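Asks: This structure is in structure tokens; I'll ask about it shortly.
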Amino acid sequence: MNDIADKGIAKIADLAGQMRGIGEAARAASRAVARADTSAKNLALTRAAVALRRETQRLIEANAQDVDAARASGHDAAFVDRLALTAKSIDAMAKGLDEIVALPDPIGEISDLRDRPSGIQVGMMRVPLGVIGIIYESRPNVTADAAGLCLKSGNATILRGGSEAICSNRAIAHCIHEGLREAGLPEAAVQLVDTIDREAVGHLIADDAHIDVIVPRGGKSLIERVAREARVPVLKHLDGVCHVYVDAAANLEQAIRIADNAKTQRYSPCNTMETLLVHAAVASRFLPPIAAIYEAKGVEMRGDARAREIVPAMKPATEDDWYAEYLAPIIAIRVVDSLAAAIDHIARYGSQHTDAIVTEDYTSAMRFLREVDSSSVMVNASTRFADGYEYGLGAEIGISTSKLHARGPVGLEGLTSRKWIVLGSGQIRT
């Protein structure tokens with residue numbers, strides 16, 4: 001029994017030491033990446049993209065091991081689909097790195113420079129965050145995407161992918177390291193936690209000595225655990241309970257297109273609409289045609305009493321439905337009496353992710369923009385636009401509903417901070 005206990009203690013100590021070593025190496029590498037010029041970072045990403053394309057067959061073979069293991073473990077088809085790599089998806093990873101190369105480098109940018117009465121100039125310079133820990137599940141493409149964004153923004157990164165993708169992630173990380181070597185940058189700038197031990201996550205999110213921010217990407221249980229246990233600041237969103245509100249002054253033809261697209265363009269993303277709010281003044285004209293579209297596409301509708309009076313085919317909505325992130329062909333529908341009632345509903349049940357109004361009334365649109373406290377608020381557009389690529393960020397590391405630092409889709413700029421700089425010519429304070 002003592003031997004077993006001793007071995008357990010030794011294992012814990014060994015993992016702690018391993019994770020501490022990863023953190024120390026990342027901190028040292030972060031200084032090298034922070035001072036690297038744009039050409040070196042771009043070269044690393046370009047050469048990594050070349051390696052991904054060249055090693056396509058090797059990546060597919062590594063991924064096949066993960067896919068076989070996932071099927072043997074009983075994972076469903078949707079899980080396996082997220083995990084699987086193809087020649088097309090590998091080329092998309094490489095193209096993603098090429099697109100990051102084309103983005104402007106934010107590091108070193110000076111802004112808001114102004115003269116002071118003393119003769120000094122005061123401004124702000126954009127700088128890297130330092131070391132970013134990324135914790136994610138299933139999707140191996142995150143390994144390349146996260147590495148590329150962190151590197152271009154001057155940060156070192158520690159990647160802890162899910163155990164189900166360990167073979168795929170190792171192969172992708174090998175290509176990223178090739179790019180770093182060819183650019184003369186330290187391989188420790190991008191490190192993959194090469195263990196499937198779940199305790200590694202606990203060490204990573206507690207390492208505030210070496211890690212500056214954690215970004216969790218995955219299911220709600222993972223993100224809740226990270227948010228609850230982390231000693232390092234976290235960029236995250238928990239739920240995507242997104243709303244579309246059809247105002248009394250809406251163009252109904254436009255509203256139907258938006259409500260259709262926001263729900264049915266894809267069901268699983270976090271920016272898909274889950275609750276449709278409709279002003280009572282237009283409900284009888286709007287609900288029947290949109291319900292017909294949903295019914296034709298196999299979307300289950302759950303409505304309040306007033307919505308069901310207009311479309312009896314709807315199932316009764318429960319209180320839980322207003323909080324639900326379905327990520328499925330299900331939608332909750334409520335009829336409201338005013339813009340204020342719609343805003344109150346969103347404030348009570350929403351997740352501060354993405355909410356939209358459809359209206360031709362300028363005053364109502366501006367009130368909705370001001371009062372809805374979400375990371376993305378839209379007028380006359382589908383919630384599906386809440387995405388880094390669609391916002392012109394080129395790519396995103398994820399979406400944040402936090403109010404401090406980055407909010408909404410987090411691209412290159414969201415992975416940086418700013419520091420004050422002062423330019424003088426010998427001034428002293430009197």
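To be explicit about the labels: the chains of the structure tokens are called A, B, and onward in the order shown, and within each one the residues are counted from 1, while ligands get numbers from 1 in the order they are shown.
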Name the residues in contact with A:Leu129 at a cut-off of 7 Å, using only C-alpha atoms, excluding same-chain residues fewer than 3 positions from it; report them as a list in words.
Replies: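 Returned residues: Asn155, Asp212, Leu415, Thr416 and Ser417 of chain A.
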Asks: Could you pull out the strand (DSSP E or B) residues of stretch 113-245 of chain A from DSSP and send them as a ChimeraX atom specification?
Replies: /A:113-115,121-128,131-136,156-160,190-192,213-217,234,242-245
Asks: Keeping only C-alpha atoms, write the selected residues as an mmCIF file, in the first residue's frame.
Replies:
```cif
data_model
loop_
_atom_site.group_PDB
_atom_site.id
_atom_site.type_symbol
_atom_site.label_atom_id
_atom_site.label_comp_id
_atom_site.auth_asym_id
_atom_site.auth_seq_id
_atom_site.Cartn_x
_atom_site.Cartn_y
_atom_site.Cartn_z
ATOM 1 C CA LEU A 113 0.384 60.438 -28.888
ATOM 2 C CA ARG A 114 -0.186 63.948 -27.568
ATOM 3 C CA ASP A 115 1.866 66.895 -26.341
ATOM 4 C CA GLN A 121 4.738 63.501 -25.425
ATOM 5 C CA VAL A 122 2.488 60.826 -23.913
ATOM 6 C CA GLY A 123 0.995 57.933 -25.853
ATOM 7 C CA MET A 124 0.240 54.216 -25.902
ATOM 8 C CA MET A 125 2.166 51.305 -27.440
ATOM 9 C CA ARG A 126 0.611 47.940 -28.267
ATOM 10 C CA VAL A 127 2.478 45.018 -26.703
ATOM 11 C CA PRO A 128 2.007 41.235 -26.354
ATOM 12 C CA VAL A 131 2.281 33.657 -22.401
ATOM 13 C CA ILE A 132 -1.167 32.415 -23.401
ATOM 14 C CA GLY A 133 -2.492 29.015 -22.360
ATOM 15 C CA ILE A 134 -5.078 27.487 -24.701
ATOM 16 C CA ILE A 135 -7.214 24.575 -23.425
ATOM 17 C CA TYR A 136 -9.400 22.969 -26.064
ATOM 18 C CA ALA A 156 4.305 32.406 -26.575
ATOM 19 C CA THR A 157 1.593 29.789 -26.175
ATOM 20 C CA ILE A 158 1.041 26.547 -24.303
ATOM 21 C CA LEU A 159 -1.482 24.296 -26.029
ATOM 22 C CA ARG A 160 -3.384 21.675 -24.066
ATOM 23 C CA VAL A 190 4.623 27.039 -29.142
ATOM 24 C CA GLN A 191 4.473 24.078 -26.777
ATOM 25 C CA LEU A 192 2.020 21.216 -26.809
ATOM 26 C CA VAL A 213 -4.011 34.498 -19.672
ATOM 27 C CA ILE A 214 -5.947 31.270 -20.256
ATOM 28 C CA VAL A 215 -8.333 30.764 -23.183
ATOM 29 C CA PRO A 216 -10.618 27.711 -22.828
ATOM 30 C CA ARG A 217 -12.316 26.442 -25.979
ATOM 31 C CA VAL A 234 -9.489 33.806 -18.298
ATOM 32 C CA CYS A 242 -28.552 34.682 -28.702
ATOM 33 C CA HIS A 243 -31.741 36.613 -29.514
ATOM 34 C CA VAL A 244 -33.338 38.236 -32.528
ATOM 35 C CA TYR A 245 -36.030 40.801 -31.706
#
```
Asks: Which residue out of A:Cys270, A:Leu83, A:Leu235, A:Leu149 has the minimum interatomic distance to A:Gly161 when only C-alpha atoms are used?
Replies: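 Under the stated criterion, the closest residue is A:Leu83.
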Asks: Please identify every residue of stretch 201-282 of chain A that has at least one atom no farther than 12 Å from an atom of stretch 24-41 of chain A, counting only C-alpha atoms, and for each give the shortest atom pair and the distance in Å to one decimal, arranged by chain then increasing number, as a Markdown table.
Replies:
```
| residue | atom | partner | partner_atom | distance |
| --- | --- | --- | --- | --- |
| A:Leu204 | CA | A:Glu24 | CA | 11.8 |
| A:Asp207 | CA | A:Glu24 | CA | 10.0 |
| A:Asp208 | CA | A:Arg27 | CA | 11.1 |
| A:Ala209 | CA | A:Glu24 | CA | 8.7 |
| A:His210 | CA | A:Arg27 | CA | 5.8 |
| A:Ile211 | CA | A:Arg27 | CA | 7.5 |
| A:Asp212 | CA | A:Arg27 | CA | 9.5 |
```
Asks: Could you write out the selected residues, including all heavy atoms, as an mmCIF file, in the first residue's frame?
Replies:
```
data_model
loop_
_atom_site.group_PDB
_atom_site.id
_atom_site.type_symbol
_atom_site.label_atom_id
_atom_site.label_comp_id
_atom_site.auth_asym_id
_atom_site.auth_seq_id
_atom_site.Cartn_x
_atom_site.Cartn_y
_atom_site.Cartn_z
ATOM 1 N N LEU A 204 -1.831 23.910 -15.244
ATOM 2 C CA LEU A 204 -1.734 24.993 -16.215
ATOM 3 C C LEU A 204 -2.502 26.228 -15.758
ATOM 4 O O LEU A 204 -1.986 27.353 -15.803
ATOM 5 C CB LEU A 204 -2.269 24.505 -17.566
ATOM 6 C CG LEU A 204 -2.106 25.417 -18.777
ATOM 7 C CD1 LEU A 204 -0.643 25.656 -19.081
ATOM 8 C CD2 LEU A 204 -2.821 24.814 -19.989
ATOM 9 N N ASP A 207 -0.843 28.289 -12.848
ATOM 10 C CA ASP A 207 0.538 28.760 -12.981
ATOM 11 C C ASP A 207 0.589 30.254 -13.281
ATOM 12 O O ASP A 207 0.995 30.684 -14.366
ATOM 13 C CB ASP A 207 1.247 27.958 -14.077
ATOM 14 C CG ASP A 207 2.745 28.238 -14.123
ATOM 15 O OD1 ASP A 207 3.241 28.959 -13.232
ATOM 16 O OD2 ASP A 207 3.414 27.747 -15.047
ATOM 17 N N ASP A 208 0.197 31.059 -12.314
ATOM 18 C CA ASP A 208 0.204 32.507 -12.527
ATOM 19 C C ASP A 208 1.605 33.100 -12.536
ATOM 20 O O ASP A 208 1.782 34.275 -12.868
ATOM 21 C CB ASP A 208 -0.665 33.217 -11.487
ATOM 22 C CG ASP A 208 -0.287 32.880 -10.056
ATOM 23 O OD1 ASP A 208 0.558 31.984 -9.849
ATOM 24 O OD2 ASP A 208 -0.853 33.497 -9.134
ATOM 25 N N ALA A 209 2.617 32.311 -12.212
ATOM 26 C CA ALA A 209 3.994 32.798 -12.276
ATOM 27 C C ALA A 209 4.502 32.860 -13.712
ATOM 28 O O ALA A 209 5.392 33.664 -14.022
ATOM 29 C CB ALA A 209 4.909 31.897 -11.444
ATOM 30 N N HIS A 210 3.958 32.016 -14.592
ATOM 31 C CA HIS A 210 4.490 31.929 -15.951
ATOM 32 C C HIS A 210 3.462 32.199 -17.040
ATOM 33 O O HIS A 210 3.846 32.439 -18.185
ATOM 34 C CB HIS A 210 5.089 30.530 -16.184
ATOM 35 C CG HIS A 210 6.165 30.170 -15.222
ATOM 36 N ND1 HIS A 210 6.033 29.174 -14.269
ATOM 37 C CD2 HIS A 210 7.404 30.688 -15.053
ATOM 38 C CE1 HIS A 210 7.147 29.104 -13.560
ATOM 39 N NE2 HIS A 210 7.981 30.001 -14.006
ATOM 40 N N ILE A 211 2.165 32.151 -16.722
ATOM 41 C CA ILE A 211 1.123 32.289 -17.737
ATOM 42 C C ILE A 211 0.319 33.553 -17.456
ATOM 43 O O ILE A 211 -0.052 33.834 -16.317
ATOM 44 C CB ILE A 211 0.211 31.047 -17.745
ATOM 45 C CG1 ILE A 211 1.053 29.805 -18.072
ATOM 46 C CG2 ILE A 211 -0.922 31.197 -18.758
ATOM 47 C CD1 ILE A 211 0.323 28.506 -17.917
ATOM 48 N N ASP A 212 0.053 34.319 -18.508
ATOM 49 C CA ASP A 212 -0.623 35.605 -18.354
ATOM 50 C C ASP A 212 -2.119 35.541 -18.578
ATOM 51 O O ASP A 212 -2.866 36.333 -18.014
ATOM 52 C CB ASP A 212 0.006 36.626 -19.317
ATOM 53 C CG ASP A 212 1.459 36.896 -18.979
ATOM 54 O OD1 ASP A 212 1.713 37.558 -17.959
ATOM 55 O OD2 ASP A 212 2.341 36.418 -19.717
#
```
Asks: Which one of A:Leu151, A:Ala84, A:Val372, A:Val299 sits closest to A:Ala328 if you count only C-alpha atoms?
Replies: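 Answer, going by the shortest atom-to-atom distance: A:Val299.
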Asks: Have a look at A:Ala283, A:Ala255, A:Leu43, A:Leu277 and name the one nearest to A:Ala341; count only C-alpha atoms.
Replies: A:Leu277
Asks: Nearest to A:Ile166: which of A:Asp239, A:Asp105, A:Glu390, A:Asp194 is it, counting only C-alpha atoms?
Replies: A:Asp194
Asks: Could you find all residues in stretch 123-264 of chain A that DSSP calls helix (DSSP H, G or I) from the backbone, and write them as number ranges by chain?
Replies: A: 141-152, 163-182, 187-189, 199-206, 220-229, 252-264
Asks: Mind dumping a table of every stretch 117-183 of chain A residue within 12 Å of stretch 87-90 of chain A, with the nearest atom pair and its distance in Å to one decimal, using only C-alpha atoms, sorted by chain and rising number, as JSON lines?
Replies:
```
{"residue": "A:Arg139", "atom": "CA", "partner": "A:Ser89", "partner_atom": "CA", "distance": 10.9}
{"residue": "A:Pro140", "atom": "CA", "partner": "A:Ile90", "partner_atom": "CA", "distance": 9.7}
{"residue": "A:Asn141", "atom": "CA", "partner": "A:Ile90", "partner_atom": "CA", "distance": 7.8}
{"residue": "A:Val142", "atom": "CA", "partner": "A:Ile90", "partner_atom": "CA", "distance": 11.5}
{"residue": "A:Thr143", "atom": "CA", "partner": "A:Ile90", "partner_atom": "CA", "distance": 11.6}
{"residue": "A:Ala144", "atom": "CA", "partner": "A:Ile90", "partner_atom": "CA", "distance": 9.7}
{"residue": "A:Asp145", "atom": "CA", "partner": "A:Ile90", "partner_atom": "CA", "distance": 11.4}
{"residue": "A:Ser168", "atom": "CA", "partner": "A:Ile90", "partner_atom": "CA", "distance": 11.0}
{"residue": "A:Ala171", "atom": "CA", "partner": "A:Ile90", "partner_atom": "CA", "distance": 11.5}
{"residue": "A:Ile172", "atom": "CA", "partner": "A:Ile90", "partner_atom": "CA", "distance": 9.4}
{"residue": "A:Cys175", "atom": "CA", "partner": "A:Ile90", "partner_atom": "CA", "distance": 11.6}
```
Asks: Quick one: residues within 10 Å of A:Ala406, only C-alpha atoms, excluding same-chain residues fewer than 3 positions away - as a list of chain:residue names?
Replies: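 My list of contacting residues is A:Leu235, A:Lys236, A:Ser375, A:Ile399, A:Ser400, A:Thr401, A:Ser402, A:Lys403, A:Pro409, A:Val410, A:Gly411, A:Glu413, A:Gly414, A:Leu415, A:Thr416, A:Ser417.
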Asks: Take the residues just selected and output them with all heavy atoms as a short mmCIF file (atom, residue, chain, number, x, y, z; two decimals), in the first residue's frame.
Replies:
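Full text of again.cif as output:
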```cif
data_model
loop_
_atom_site.label_atom_id
_atom_site.label_comp_id
_atom_site.auth_asym_id
_atom_site.auth_seq_id
_atom_site.Cartn_x
_atom_site.Cartn_y
_atom_site.Cartn_z
N LEU A 235 -10.06 34.37 -20.60
CA LEU A 235 -10.91 34.92 -21.66
C LEU A 235 -11.86 33.83 -22.09
O LEU A 235 -11.43 32.78 -22.59
CB LEU A 235 -10.06 35.35 -22.86
CG LEU A 235 -9.31 36.67 -22.77
CD1 LEU A 235 -8.51 36.91 -24.05
CD2 LEU A 235 -10.27 37.83 -22.55
N LYS A 236 -13.19 34.05 -21.91
CA LYS A 236 -14.10 32.95 -22.16
C LYS A 236 -15.52 33.44 -22.37
O LYS A 236 -15.84 34.59 -22.13
CB LYS A 236 -14.09 31.99 -20.95
CG LYS A 236 -14.37 32.67 -19.60
CD LYS A 236 -15.71 32.27 -19.04
CE LYS A 236 -15.98 32.81 -17.66
NZ LYS A 236 -15.98 34.26 -17.53
N SER A 375 -21.77 41.28 -25.90
CA SER A 375 -20.47 41.55 -26.53
C SER A 375 -20.62 41.93 -27.99
O SER A 375 -19.75 42.60 -28.55
CB SER A 375 -19.55 40.34 -26.38
OG SER A 375 -20.08 39.21 -27.03
N ILE A 399 -14.42 33.70 -28.57
CA ILE A 399 -15.30 34.82 -28.26
C ILE A 399 -15.34 35.02 -26.76
O ILE A 399 -15.46 34.06 -26.00
CB ILE A 399 -16.72 34.59 -28.82
CG1 ILE A 399 -16.67 34.70 -30.36
CG2 ILE A 399 -17.73 35.57 -28.25
CD1 ILE A 399 -18.00 34.48 -31.04
N SER A 400 -15.23 36.27 -26.34
CA SER A 400 -15.24 36.59 -24.92
C SER A 400 -16.47 37.41 -24.58
O SER A 400 -16.80 38.37 -25.27
CB SER A 400 -13.98 37.40 -24.56
OG SER A 400 -14.08 37.92 -23.24
N THR A 401 -17.15 37.02 -23.50
CA THR A 401 -18.26 37.83 -22.99
C THR A 401 -17.84 38.59 -21.73
O THR A 401 -18.67 39.18 -21.05
CB THR A 401 -19.48 36.96 -22.69
OG1 THR A 401 -19.10 35.88 -21.82
CG2 THR A 401 -20.06 36.39 -23.97
N SER A 402 -16.54 38.55 -21.42
CA SER A 402 -16.03 39.32 -20.29
C SER A 402 -16.08 40.80 -20.62
O SER A 402 -16.09 41.19 -21.79
CB SER A 402 -14.58 38.91 -19.98
OG SER A 402 -14.48 37.53 -19.72
N LYS A 403 -16.07 41.63 -19.59
CA LYS A 403 -16.10 43.07 -19.81
C LYS A 403 -14.72 43.70 -19.68
O LYS A 403 -14.52 44.85 -20.09
CB LYS A 403 -17.07 43.73 -18.83
CG LYS A 403 -18.51 43.35 -19.08
CD LYS A 403 -19.46 44.17 -18.23
CE LYS A 403 -20.90 43.78 -18.50
NZ LYS A 403 -21.85 44.59 -17.72
N PRO A 409 -15.53 38.70 -30.44
CA PRO A 409 -14.51 37.90 -31.12
C PRO A 409 -13.11 38.44 -30.79
O PRO A 409 -12.86 39.65 -30.86
CB PRO A 409 -14.84 38.09 -32.60
CG PRO A 409 -16.30 38.42 -32.64
CD PRO A 409 -16.53 39.23 -31.39
N VAL A 410 -12.21 37.54 -30.42
CA VAL A 410 -10.86 37.93 -29.99
C VAL A 410 -9.88 37.56 -31.10
O VAL A 410 -9.62 36.39 -31.35
CB VAL A 410 -10.47 37.22 -28.68
CG1 VAL A 410 -9.06 37.64 -28.26
CG2 VAL A 410 -11.47 37.54 -27.57
N GLY A 411 -9.36 38.58 -31.79
CA GLY A 411 -8.36 38.39 -32.82
C GLY A 411 -7.00 38.81 -32.34
O GLY A 411 -6.70 38.78 -31.14
N GLU A 413 -5.53 41.77 -32.06
CA GLU A 413 -5.51 42.88 -31.12
C GLU A 413 -5.96 42.45 -29.73
O GLU A 413 -5.46 42.94 -28.72
CB GLU A 413 -6.38 44.02 -31.64
CG GLU A 413 -6.19 45.33 -30.87
CD GLU A 413 -6.86 46.49 -31.56
OE1 GLU A 413 -6.41 46.89 -32.65
OE2 GLU A 413 -7.86 47.02 -30.99
N GLY A 414 -6.91 41.51 -29.66
CA GLY A 414 -7.38 41.02 -28.37
C GLY A 414 -6.34 40.21 -27.61
O GLY A 414 -6.49 39.99 -26.41
N LEU A 415 -5.28 39.78 -28.30
CA LEU A 415 -4.19 39.04 -27.66
C LEU A 415 -3.03 39.96 -27.31
O LEU A 415 -1.92 39.51 -27.06
CB LEU A 415 -3.71 37.91 -28.58
CG LEU A 415 -4.77 36.85 -28.89
CD1 LEU A 415 -4.21 35.81 -29.84
CD2 LEU A 415 -5.27 36.19 -27.61
N THR A 416 -3.30 41.26 -27.29
CA THR A 416 -2.29 42.23 -26.92
C THR A 416 -2.83 43.14 -25.81
O THR A 416 -4.01 43.11 -25.48
CB THR A 416 -1.91 43.13 -28.12
OG1 THR A 416 -3.03 43.95 -28.49
CG2 THR A 416 -1.48 42.29 -29.32
N SER A 417 -1.94 43.93 -25.26
CA SER A 417 -2.30 44.95 -24.29
C SER A 417 -1.65 46.25 -24.76
O SER A 417 -1.03 46.29 -25.83
CB SER A 417 -1.80 44.56 -22.90
OG SER A 417 -2.18 45.53 -21.94
#
```
Asks: Which one is closest to A:Ala250: A:Thr359, A:Ser338, A:Gln18, A:Ser284? Count only C-alpha atoms.
Replies: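 The answer is A:Thr359, which sits nearest to A:Ala250.
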